[in-house]
Amino acid sequence: MQLSTTRTLLLPATDADREQIKALLIDPEISKGLLGNTFIERGLEETTDSWLTEGSYWRRNGYGMWRVSDKGGISGEPGKTLGMAGVDDAAGDDETALECFYFFSSSCWGKGVAREVMEKVFNYLFAVKNISSIDALIFAELNSGSVRLAGKLGMQAFGRQDLLGHHLDARRVMQTIESDIERIRRVQPEYLGPELEHACFRIGQLIAEGVVEKDGIRQRVY
C-alpha cells in the first residue's frame with residue numbers, strides 16, 4: 001500500500017531497500033535513539049531485518065513498515081530515503097495490539113517530517129483499516145522529541161513498561177550496550193561528551209531496572 005504526503009512518498013519496504021536502510025541505521029545520530037545493535041557487525045543485518053515487513057504480513061493486513069522517500073523538497077534529492085515508519089504487532093499477550101515504529105535521518109529533524117508522515121500513517125490505519133488503537137514504547141528520558149510527537153498525534157501516556165521480555169531479551173540487551181560502547185569509540189572528539197552522557201544514562205537505567213547486571217557489562221567492556 002503506497003501512501004503520500006505533501007513532501008514524502010511511503011512505499012512498503014522490501015529487501016531491495018536493505019542497503020539504504022543500513023546506511024541510515026549506522027548513522028550515530030539515529031542509532032543512539034534505537035534499542036538496537038547497529039554498530040555491531042553481526043547485529044546490523046538483524047536490526048535491518050526488523051524493519052522489513054514480510055510480504056505475507058503486508059498481503060494479510062495491508063500495513064507494515066514503509067520506506068519514506070523524499071519527493072525532493074526536503075533534501076533536494078527526489079527519491080532519497082529519509083527514514084522508516086509503520087506498525088507491527090506489539091509484543092505481549094494482546095494479539096490485536098499494534099505498535100508504531102519510526103526513525104528519520106537527522107537531516108529531517110526540526111522540519112516536521114516525522115509528524116507529517118506519522119499523521120498520514122495513523123489516518124490510514126484508523127480510517128481505512130479500522131484499527132482501534134496504536135501503542136508506542138518510548139525511552140522517554142532519552143527521547144523527548146518522540147514524547148512530544150506522540151502528544152501531537154493524540155496519544156496518551158498510560159504507564160511504564162519493563163524492557164526485558166518486551167522488546168529485549170538478555171542477548172539483545174548486551175548487544176545494545178555493545179553498540180553504545182562502539183558508538184562512543186567511533187564518535188568525533190567534539191561529540192564525545194554528549195555521547196558518553198547518553199550511553200551512561202541508558203546503561204544506568206537498564207541496570208537500575210534490573211535488565212542487566214553490572215558484572216555482565218564489565219566483562220563485555222574489559
# chains A, B, ... in the order shown; residues from 1 in each chain; ligands from 1
$ residues_around --residues "A:Ser69" --least-positions-apart "6" --cutoff "9 Å" --atoms "only C-alpha atoms" --output "PyMOL selection string"
chain A and resi 7-11+78-84
$ atom_distance --atom1 "atom CA of A:Ile177" --atom2 "atom CA of A:Pro194"
16.3 Å
$ closest_residue --among "A:Glu54, A:Glu19, A:Asp27, A:Glu116" --to "A:Ser4" --atoms "only C-alpha atoms"
A:Glu116
$ closest_residue --among "A:Gly112, A:Gly159, A:Gly55, A:Gly154" --to "A:Phe139" --atoms "only C-alpha atoms"
A:Gly159
$ residues_around --residues "A:Ala150" --least-positions-apart "2" --cutoff "12 Å" --atoms "only C-alpha atoms" --output "number ranges by chain"
A: 100-102, 114-115, 118-119, 122, 134-138, 140, 143-148, 152-157
$ select_by_dssp --residues "stretch 39-214 of chain A" --states "strand (DSSP E)" --output "ChimeraX atom specification"
/A:65-70,81-89,98-104
$ atom_distance --atom1 "atom CA of A:Thr48" --atom2 "atom CA of A:Arg18"
6.9 Å
$ atom_distance --atom1 "atom CA of A:Leu25" --atom2 "atom CA of A:Arg60"
27.7 Å
$ closest_residue --among "A:Phe201, A:Phe158, A:Tyr63, A:Trp51" --to "A:Lys129" --atoms "only C-alpha atoms"
A:Tyr63
$ select_by_dssp --residues "stretch 74-181 of chain A" --states "helix (DSSP H, G or I)" --output "PyMOL selection string"
chain A and resi 106-108+113-128+144-152+170-181
$ closest_residue --among "A:Thr176, A:Ser75, A:Gln2, A:Ser50" --to "A:Tyr124" --atoms "only C-alpha atoms"
A:Gln2
